[in-house]
file target-v4.cif (mmCIF, C-alpha atoms and all ligand atoms)
data_final
#
loop_
_atom_site.label_atom_id
_atom_site.label_comp_id
_atom_site.auth_asym_id
_atom_site.auth_seq_id
_atom_site.Cartn_x
_atom_site.Cartn_y
_atom_site.Cartn_z
CA MET F 27 -27.28 -9.41 60.31
CA SER F 28 -25.96 -8.65 63.77
CA THR F 29 -26.77 -11.05 66.54
CA GLY F 30 -25.50 -8.47 69.06
CA HIS F 31 -23.35 -10.74 71.18
CA ASP F 32 -19.68 -11.07 72.01
CA LEU F 33 -17.21 -13.63 70.74
CA THR F 34 -14.93 -14.95 73.44
CA ASN F 35 -11.51 -16.57 73.64
CA LEU F 36 -10.24 -15.99 70.14
CA THR F 37 -6.63 -16.88 69.43
CA LEU F 38 -4.99 -14.74 66.76
CA ARG F 39 -1.88 -16.16 65.05
CA ILE F 40 -0.36 -13.10 63.40
CA TRP F 41 2.67 -12.88 61.12
CA ARG F 42 5.29 -10.53 62.59
CA GLN F 43 8.27 -9.46 60.52
CA ALA F 44 10.44 -6.47 61.42
CA GLY F 45 11.41 -5.62 57.85
CA PRO F 46 11.77 -6.90 54.28
CA ASP F 47 14.88 -8.96 55.00
CA ALA F 48 14.16 -9.91 58.62
CA PRO F 49 13.02 -13.43 59.45
CA GLY F 50 9.28 -13.65 60.11
CA ARG F 51 7.32 -15.71 62.62
CA PHE F 52 3.80 -16.20 63.92
CA GLU F 53 2.94 -14.68 67.29
CA GLU F 54 -0.18 -15.64 69.22
CA TYR F 55 -2.52 -13.18 70.93
CA LEU F 56 -5.57 -14.05 73.01
CA ILE F 57 -8.65 -11.88 72.56
CA GLU F 58 -10.88 -12.56 75.57
CA SER F 59 -13.96 -10.81 74.23
CA ILE F 60 -15.01 -8.79 71.18
CA SER F 61 -18.40 -7.73 69.82
CA ASP F 62 -19.59 -9.62 66.77
CA GLU F 63 -20.45 -6.17 65.37
CA ALA F 64 -16.75 -5.18 65.30
CA SER F 65 -15.05 -5.18 61.92
CA PHE F 66 -11.98 -7.32 61.40
CA LEU F 67 -9.77 -4.23 61.25
CA GLU F 68 -11.32 -2.96 64.51
CA LEU F 69 -10.23 -6.26 66.06
CA LEU F 70 -6.66 -5.41 65.04
CA ASP F 71 -7.10 -1.79 66.25
CA ILE F 72 -8.18 -3.03 69.68
CA LEU F 73 -5.28 -5.47 69.82
CA ASN F 74 -2.87 -2.70 68.81
CA GLU F 75 -4.19 -0.37 71.54
CA ARG F 76 -3.52 -3.14 74.03
CA LEU F 77 0.00 -3.77 72.68
CA ILE F 78 0.83 -0.04 72.81
CA ALA F 79 -0.49 0.20 76.39
CA GLU F 80 1.81 -2.72 77.28
CA GLY F 81 4.77 -0.88 75.73
CA LYS F 82 4.98 -3.32 72.81
CA GLU F 83 5.17 -2.60 69.11
CA ALA F 84 1.85 -2.32 67.27
CA ILE F 85 1.12 -4.68 64.38
CA VAL F 86 1.60 -2.96 61.01
CA PHE F 87 -1.22 -3.51 58.53
CA ASP F 88 -2.56 -1.58 55.55
CA HIS F 89 -5.91 0.21 55.62
CA ASP F 90 -7.42 3.48 54.48
CA CYS F 91 -11.06 3.97 53.45
CA ARG F 92 -12.49 1.02 55.43
CA GLU F 93 -15.43 1.06 52.99
CA GLY F 94 -14.28 -1.41 50.33
CA ILE F 95 -13.29 1.40 47.95
CA CYS F 96 -9.56 2.09 48.11
CA GLY F 97 -8.07 -1.42 47.85
CA THR F 98 -5.55 -0.79 50.62
CA CYS F 99 -6.57 -3.50 53.09
CA SER F 100 -4.93 -6.79 52.31
CA LEU F 101 -4.96 -9.69 54.74
CA MET F 102 -4.76 -13.42 54.19
CA ILE F 103 -7.14 -14.78 56.83
CA ASP F 104 -7.07 -18.51 57.47
CA GLY F 105 -5.50 -18.99 54.04
CA GLN F 106 -8.18 -17.00 52.21
CA ALA F 107 -7.48 -13.60 50.67
CA HIS F 108 -9.77 -11.09 52.48
CA GLY F 109 -11.15 -13.91 54.66
CA PRO F 110 -14.17 -16.18 54.54
CA ALA F 111 -16.85 -13.84 53.11
CA ARG F 112 -17.14 -13.85 49.31
CA GLY F 113 -17.12 -10.50 47.50
CA THR F 114 -15.90 -8.74 50.64
CA ALA F 115 -12.73 -6.74 51.28
CA THR F 116 -10.98 -7.27 54.63
CA CYS F 117 -12.27 -3.92 55.88
CA GLN F 118 -15.88 -4.98 55.23
CA LEU F 119 -15.49 -8.27 57.09
CA HIS F 120 -17.15 -8.48 60.51
CA MET F 121 -16.52 -10.67 63.52
CA ARG F 122 -19.94 -12.32 63.17
CA LYS F 123 -18.32 -14.46 60.47
CA PHE F 124 -16.23 -16.15 63.20
CA GLU F 125 -16.97 -18.36 66.23
CA SER F 126 -15.99 -18.13 69.90
CA GLY F 127 -12.91 -20.17 70.70
CA GLN F 128 -11.67 -20.02 67.09
CA THR F 129 -8.00 -19.70 66.17
CA ILE F 130 -7.60 -17.21 63.30
CA THR F 131 -4.38 -17.09 61.28
CA ILE F 132 -3.56 -13.69 59.77
CA GLU F 133 -0.81 -13.31 57.17
CA PRO F 134 0.25 -10.74 54.58
CA TRP F 135 -0.24 -11.36 50.85
CA ARG F 136 2.26 -14.03 49.82
CA ALA F 137 3.61 -13.26 46.34
CA ASN F 138 7.11 -12.72 45.00
CA ALA F 139 5.98 -9.49 43.33
CA PHE F 140 4.66 -8.11 46.64
CA PRO F 141 7.60 -8.14 49.11
CA ILE F 142 6.75 -7.71 52.78
CA VAL F 143 7.43 -4.20 54.09
CA LYS F 144 6.66 -5.01 57.72
CA ASP F 145 4.34 -7.46 59.54
CA LEU F 146 1.16 -7.59 57.43
CA MET F 147 2.03 -4.80 54.99
CA VAL F 148 3.36 -5.55 51.50
CA ASP F 149 4.67 -3.41 48.66
CA ARG F 150 2.15 -3.52 45.79
CA SER F 151 3.92 -0.96 43.61
CA PRO F 152 4.33 -3.42 40.67
CA PHE F 153 0.61 -2.78 40.09
CA ASP F 154 1.49 0.91 39.62
CA ARG F 155 4.09 -0.03 37.00
CA ILE F 156 1.36 -1.84 34.99
CA VAL F 157 -1.01 1.12 35.16
CA GLU F 158 1.79 3.55 34.27
CA ALA F 159 2.60 1.42 31.21
CA GLY F 160 -0.98 2.06 30.01
CA GLY F 161 -0.01 5.67 29.35
CA PHE F 162 -2.37 8.48 28.40
CA ILE F 163 -5.86 8.38 26.94
CA THR F 164 -6.76 10.64 24.03
CA ALA F 165 -9.64 12.90 25.03
CA GLU F 166 -11.04 16.12 23.60
CA THR F 167 -10.18 19.21 25.57
CA GLY F 168 -12.67 21.96 26.35
CA GLY F 169 -16.03 21.67 28.03
CA ALA F 170 -17.40 18.26 28.97
CA PRO F 171 -19.55 16.90 26.09
CA ASP F 172 -23.15 15.89 26.71
CA ALA F 173 -23.24 12.32 28.02
CA ASN F 174 -25.53 11.14 25.22
CA LEU F 175 -23.32 12.42 22.37
CA ILE F 176 -21.49 9.07 22.23
CA PRO F 177 -24.07 6.27 22.18
CA ILE F 178 -22.83 3.19 24.05
CA PRO F 179 -24.90 -0.01 24.19
CA LYS F 180 -25.97 -0.69 27.78
CA PRO F 181 -24.36 -4.18 28.00
CA VAL F 182 -21.05 -2.63 26.92
CA ALA F 183 -21.32 0.20 29.45
CA ASP F 184 -22.24 -2.34 32.16
CA ALA F 185 -19.30 -4.63 31.31
CA SER F 186 -16.93 -1.67 31.38
CA MET F 187 -18.28 -0.50 34.73
CA ASP F 188 -18.00 -4.02 36.17
CA ALA F 189 -14.31 -4.07 35.22
CA ALA F 190 -13.82 -0.55 36.59
CA GLU F 191 -14.84 -1.84 40.01
CA CYS F 192 -11.34 -3.27 40.50
CA ILE F 193 -9.87 -1.55 43.55
CA GLY F 194 -6.31 -2.80 43.00
CA CYS F 195 -6.14 -4.72 46.27
CA GLY F 196 -3.94 -7.56 45.01
CA ALA F 197 -6.06 -10.43 46.36
CA CYS F 198 -6.07 -11.97 42.88
CA VAL F 199 -2.28 -12.18 42.91
CA ALA F 200 -2.16 -13.50 46.48
CA ALA F 201 -4.73 -16.22 45.71
CA CYS F 202 -3.11 -17.33 42.45
CA PRO F 203 -0.73 -20.32 42.74
CA ASN F 204 1.40 -18.67 40.05
CA GLY F 205 1.30 -15.18 41.54
CA ALA F 206 -0.21 -13.91 38.28
CA ALA F 207 -1.79 -10.47 37.92
CA SER F 208 -3.99 -11.26 34.93
CA LEU F 209 -7.31 -10.44 36.64
CA PHE F 210 -6.05 -7.02 37.75
CA THR F 211 -4.48 -6.19 34.38
CA GLY F 212 -7.47 -7.57 32.47
CA ALA F 213 -9.83 -5.42 34.56
CA LYS F 214 -7.75 -2.28 34.03
CA LEU F 215 -7.67 -2.92 30.28
CA ALA F 216 -11.32 -3.94 29.89
CA HIS F 217 -12.81 -0.86 31.48
CA LEU F 218 -11.05 1.32 28.88
CA ASN F 219 -10.86 -1.02 25.89
CA LEU F 220 -14.60 -1.73 25.83
CA LEU F 221 -15.61 1.91 25.48
CA PRO F 222 -15.48 4.07 22.30
CA GLN F 223 -13.38 6.61 24.21
CA GLY F 224 -10.72 3.97 24.85
CA GLN F 225 -10.14 2.92 21.25
CA ALA F 226 -7.38 5.34 20.20
CA GLU F 227 -4.69 3.69 22.35
CA ARG F 228 -6.40 0.31 22.74
CA PHE F 229 -3.74 -1.93 21.22
CA THR F 230 -0.64 -0.04 22.32
CA ARG F 231 -2.12 -0.01 25.82
CA ALA F 232 -2.83 -3.77 25.77
CA GLU F 233 0.68 -4.56 24.56
CA ALA F 234 2.47 -2.29 27.04
CA MET F 235 0.45 -3.31 30.08
CA VAL F 236 0.62 -7.06 29.40
CA GLU F 237 4.38 -6.94 28.80
CA THR F 238 4.93 -4.90 31.98
CA MET F 239 2.76 -7.37 33.88
CA GLU F 240 4.90 -10.23 32.62
CA GLN F 241 8.07 -8.52 33.90
CA HIS F 242 6.78 -8.58 37.48
CA PHE F 243 4.25 -11.39 37.85
CA GLY F 244 3.80 -15.08 37.13
CA SER F 245 1.86 -16.51 34.22
CA CYS F 246 -1.85 -17.29 34.24
CA THR F 247 -2.74 -20.96 33.86
CA ASN F 248 -6.50 -20.53 34.32
CA HIS F 249 -6.84 -21.75 37.92
CA GLY F 250 -9.60 -19.23 38.52
CA GLU F 251 -8.61 -18.66 42.18
CA CYS F 252 -8.38 -14.93 41.39
CA GLU F 253 -12.08 -14.61 40.57
CA ALA F 254 -13.05 -16.46 43.77
CA ALA F 255 -10.84 -14.20 45.91
CA CYS F 256 -11.77 -10.89 44.28
CA PRO F 257 -13.75 -8.64 46.64
CA LYS F 258 -15.38 -7.01 43.60
CA GLU F 259 -16.15 -10.36 41.94
CA ILE F 260 -14.44 -9.33 38.69
CA SER F 261 -15.08 -12.05 36.10
CA ILE F 262 -12.18 -13.95 34.54
CA ASP F 263 -13.80 -12.96 31.22
CA VAL F 264 -11.57 -9.88 31.43
CA ILE F 265 -8.53 -12.17 31.12
CA ALA F 266 -9.90 -13.61 27.86
CA MET F 267 -10.50 -10.05 26.59
CA MET F 268 -6.97 -9.06 27.59
CA ASN F 269 -5.42 -12.05 25.80
CA ALA F 270 -7.49 -11.38 22.66
CA ASP F 271 -6.47 -7.71 22.60
CA TYR F 272 -2.82 -8.58 23.24
CA LEU F 273 -2.82 -11.01 20.33
CA LYS F 274 -4.48 -8.45 18.05
CA ALA F 275 -1.99 -5.84 19.25
CA LYS F 276 0.95 -7.98 18.15
CA PHE F 277 -0.48 -8.32 14.64
CA LYS F 278 -1.58 -4.69 14.48
CA ASN F 279 1.75 -3.35 15.70
CA ARG F 280 3.70 -5.61 13.39
CA LYS F 281 1.71 -4.17 10.47
CA SER F 282 2.44 -0.63 11.70
CA LEU F 283 6.14 -1.47 11.98
CA SER F 284 6.20 -2.90 8.46
CA ARG F 285 4.75 0.37 7.11
CA ALA F 286 7.26 2.55 8.99
S1 LIG P 301 -9.15 -7.80 40.19
FE1 LIG P 301 -10.22 -7.99 42.18
S2 LIG P 301 -8.72 -9.03 43.51
FE2 LIG P 301 -7.57 -8.23 41.76
S3 LIG P 301 -6.80 -6.22 42.38
FE3 LIG P 301 -8.81 -5.89 41.33
S4 LIG P 301 -10.32 -5.91 42.99
FE4 LIG P 301 -8.45 -6.82 43.86
S1 LIG P 302 -9.46 -0.15 53.52
FE1 LIG P 302 -10.15 0.63 51.58
S2 LIG P 302 -10.87 -1.16 50.57
FE2 LIG P 302 -10.40 -1.88 52.56
#
call {"tool": "encode", "arguments": {"input": "target-v4.cif", "output": "structure tokens", "more": "lines below"}}
Ligand code: SF4
Ligand code: FES
result
Amino acid sequence: MSTGHDLTNLTLRIWRQAGPDAPGRFEEYLIESISDEASFLELLDILNERLIAEGKEAIVFDHDCREGICGTCSLMIDGQAHGPARGTATCQLHMRKFESGQTITIEPWRANAFPIVKDLMVDRSPFDRIVEAGGFITAETGGAPDANLIPIPKPVADASMDAAECIGCGACVAACPNGAASLFTGAKLAHLNLLPQGQAERFTRAEAMVETMEQHFGSCTNHGECEAACPKEISIDVIAMMNADYLKAKFKNRKSLSRA
């Protein structure tokens, strides 16, 4: 709830890096006053307007929808992916979560698989490689069938929808001490593998996506930091489902190979 007042004398320590191979450093900026109703990205917008007016280079950061939908925003704020509010993407974070006089440290995602492009922007394209590895989904062509032609138990539909909430932001990777992408990959697999429509390619999909994930990211050792950092509060249950499907895929595919 808004308290309708201004925060004063904030110090922002922001990571500046001219390019992928340039050395990075923190730079400090004083914000004399900002409304507690401003979003965190509006704070950066206001700072950037000031920098541009002073003839300095604006701070590069990722953003798009600003509604918690697209997964583009990606800031490590005081060491927490997406900042101090649980279940909240950076773009949904507001200044009322901070105090006057506070020093706020803002960094990009730190993960080997996500190299820094510039300042606070990283390259998250290894996520695209995992999704690409999932391939196509068999679906009937023609007119859309009636929704109730394929009965799906409500708990199954709910679990699938919960997994489908993943916006691909990468906070799970940034929060993981191993830089693992198991929560993301598990979510992408679960939302298809739980449903009847996702069965045709279920095991080839699990095998291909997990093996692509392993080419780019670290290994999961069940720290659980990913679930705590996830703005969509995706459950680590999806990792257990992914591992179970991967294991079954190896047996299933071995049997298929032996018949070939
Ligand atoms: S699982 Fe959560 S933290 Fe990871 S990419 Fe999806 S929404 Fe972001
Ligand atoms: S900018 Fe789209 S989720 Fe934050």
call {"tool": "axis_aligned_box", "arguments": {"input": "target-v4.cif", "around": "ligand LIG 301 (chain P)", "padding_each_side": "3 Å", "output": "JSON"}}
result
{"center_x": -8.6, "center_y": -7.5, "center_z": 42.0, "size_x": 9.5, "size_y": 9.1, "size_z": 9.7}
call {"tool": "atom_distance", "arguments": {"input": "target-v4.cif", "atom1": "atom CA of Gly205 of chain F", "atom2": "atom CA of Cys246 of chain F"}}
result
8.2 Å
call {"tool": "residues_near_ligand", "arguments": {"input": "target-v4.cif", "ligand": "ligand LIG 302 (chain P)", "cutoff": "12 Å", "atoms": "all atoms listed in the file", "output": "count of residues only"}}
result
37
call {"tool": "residues_around", "arguments": {"input": "target-v4.cif", "residues": "segment 237-241 of chain F", "least_positions_apart": "5", "cutoff": "12 Å", "atoms": "only C-alpha atoms", "output": "PyMOL selection string"}}
result
chain F and resi 138-139+151-161+199+204-212+214-215+230-232+246+268-269+272-273+275-276
call {"tool": "closest_residue", "arguments": {"input": "target-v4.cif", "among": "F:His120, F:Lys274, F:Leu33, F:Glu251", "to": "Leu56 of chain F", "atoms": "all atoms listed in the file"}}
result
F:Leu33
call {"tool": "atom_distance", "arguments": {"input": "target-v4.cif", "atom1": "atom CA of Cys202 of chain F", "atom2": "atom CA of His249 of chain F"}}
result
7.3 Å
call {"tool": "closest_residue", "arguments": {"input": "target-v4.cif", "among": "F:Cys198, F:Val86, F:Leu70, F:Ile163", "to": "ligand LIG 301 (chain P)", "atoms": "only C-alpha atoms and all ligand atoms"}}
result
F:Cys198
call {"tool": "closest_residue", "arguments": {"input": "target-v4.cif", "among": "F:Ala137, F:Met147, F:Ile130, F:Leu220", "to": "Met267 of chain F", "atoms": "only C-alpha atoms"}}
result
F:Leu220
call {"tool": "atom_distance", "arguments": {"input": "target-v4.cif", "atom1": "atom CA of His217 of chain F", "atom2": "atom CA of Ala165 of chain F"}}
result
15.5 Å
call {"tool": "residues_around", "arguments": {"input": "target-v4.cif", "residues": "Val182 of chain F", "least_positions_apart": "2", "cutoff": "10 Å", "atoms": "all atoms listed in the file", "output": "MDAnalysis selection string"}}
result
chainID F and resid 178:180 184:188 217 220:222
call {"tool": "closest_residue", "arguments": {"input": "target-v4.cif", "among": "F:Met102, F:Ala170, F:Ile265, F:Ala226", "to": "Ala213 of chain F", "atoms": "all atoms listed in the file"}}
result
F:Ile265
call {"tool": "residues_around", "arguments": {"input": "target-v4.cif", "residues": "Thr131 of chain F", "least_positions_apart": "4", "cutoff": "7 Å", "atoms": "all atoms listed in the file", "output": "NGL selection string"}}
result
:F and (38-40 or 103-104)
call {"tool": "residues_around", "arguments": {"input": "target-v4.cif", "residues": "Asp145 of chain F", "least_positions_apart": "4", "cutoff": "10 Å", "atoms": "only C-alpha atoms", "output": "ChimeraX atom specification"}}
result
/F:40-46,50-52,84-88,133-134
call {"tool": "closest_residue", "arguments": {"input": "target-v4.cif", "among": "F:Ile262, F:Leu218, F:Ala48, F:Ala64", "to": "ligand LIG 301 (chain P)", "atoms": "only C-alpha atoms and all ligand atoms"}}
result
F:Ile262
call {"tool": "closest_residue", "arguments": {"input": "target-v4.cif", "among": "F:Ile60, F:Ile72, F:Val143, F:Ala201", "to": "ligand LIG 301 (chain P)", "atoms": "all atoms listed in the file"}}
result
F:Ala201
